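See structure below.
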Amino acid sequence: MDYIRKLPLLLALFSAIVTGLAGYANRVGNKENMANMVIVMLVFYIAGLYIRSTIFNIADTIKKKAEEREIEEKKRLAEEKKKAEEEERAKSRSAPESKVDVVVDDNLGTGIGDSDFDELPIAEYIKNELGK
């Protein structure tokens with residue numbers, strides 16, 4: 001950023017040097033060459049000021065947008081967290097606590113005895129094949 005601050009001066013000096021060398025190469029008189037250098041220096045200094053202000057405005061805009069995105073992201077995360085908490089609360093409220101009493105009984109009373117159960121014919125087939 002230091003070079004950007006110095007941009008108008010650097011641009012003006014460089015353009016004045018180029019103009020002076022071009023005038024010297026064309027054998028322009030010293031007074032006329034100096035006048036041309038001063039005019040070019042002023043024009044390019046003003047152009048440098050405009051360029052510098054534009055660059056600073058762009059940098060500020062980028063920083064502001066980045067900050068806005070961070071704020072929006074924080075808000076979105078806070079809203080998601082709030083919604084998740086509300087869903088958890090709703091689930092805990094809607095599902096009442098129930099206690100199940102399980103009593104183990106020796107006599108289950110299913111009604112099916114060992115004699116009522118028929119094995120599948122596949123089991124007999126496997127026994128016969130393995131027996132061979």
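Residue numbering restarts at 1 in every chain; chains get A, B, ... in the order shown in the structure tokens, and ligands count up from 1 in that same order.
Residue neighbourhood of Ser15 (chain A), excluding near-sequence residues (fewer than 5 positions): Met37, Val40, Met41 and Phe44 of chain A, at 8 Å, using only C-alpha atoms.
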Give me every helix (DSSP H, G or I) residue in region 1-131 of chain A, going by DSSP on the backbone, as a PyMOL selection string.
-> chain A and resi 2-5+7-25+30-94+121-131
Taken to one decimal, the CA of Asp60 (chain A)-CA of Ala78 (chain A) distance is 27.0 Å
Long-range neighbours of Ile39 (chain A) as a PDB file with C-alpha atoms, in the first residue's frame, 12 Å cut-off, only C-alpha atoms, 6 positions minimum in chain:
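Full text of around_12.pdb as output:
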ATOM      1  CA  ALA A  12       4.439  12.425 -12.364  1.00  0.00           C
ATOM      2  CA  LEU A  13       8.200  12.097 -11.957  1.00  0.00           C
ATOM      3  CA  SER A  15       6.398  11.028 -17.033  1.00  0.00           C
ATOM      4  CA  ALA A  16       8.437  14.236 -16.571  1.00  0.00           C
ATOM      5  CA  THR A  19       9.204  13.984 -21.547  1.00  0.00           C
ATOM      6  CA  GLY A  20      12.534  15.641 -20.729  1.00  0.00           C
ATOM      7  CA  GLU A  32      10.461  24.961 -23.679  1.00  0.00           C
ATOM      8  CA  ASN A  33      11.529  21.500 -22.498  1.00  0.00           C
ATOM      9  CA  TYR A  45       0.061  13.926 -10.896  1.00  0.00           C
ATOM     10  CA  ILE A  46      -3.682  14.600 -11.187  1.00  0.00           C
TER      11      ILE A  46
END
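One distance worth recording is that between CA of Lys31 (chain A) and CA of Val18 (chain A), which is 16.3 Å.
Across the structure, CA of Val38 (chain A) and CA of Met1 (chain A) are spaced 26.8 Å apart.
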Can you pull out the residues contacting Ile51 (chain A)? Cut-off 9 Å, using only C-alpha atoms, and skip same-chain residues under 5 positions away; I want them as a PDB file with C-alpha atoms, in the first residue's frame.
ATOM      1  CA  ILE A   4      -0.116   3.193  -3.916  1.00  0.00           C
ATOM      2  CA  LEU A   7       1.652   6.599  -6.970  1.00  0.00           C
ATOM      3  CA  PRO A   8       0.829  10.201  -8.027  1.00  0.00           C
ATOM      4  CA  ILE A  46      -3.682  14.600 -11.187  1.00  0.00           C
ATOM      5  CA  PHE A  56      -8.510   3.001  -2.189  1.00  0.00           C
TER       6      PHE A  56
END
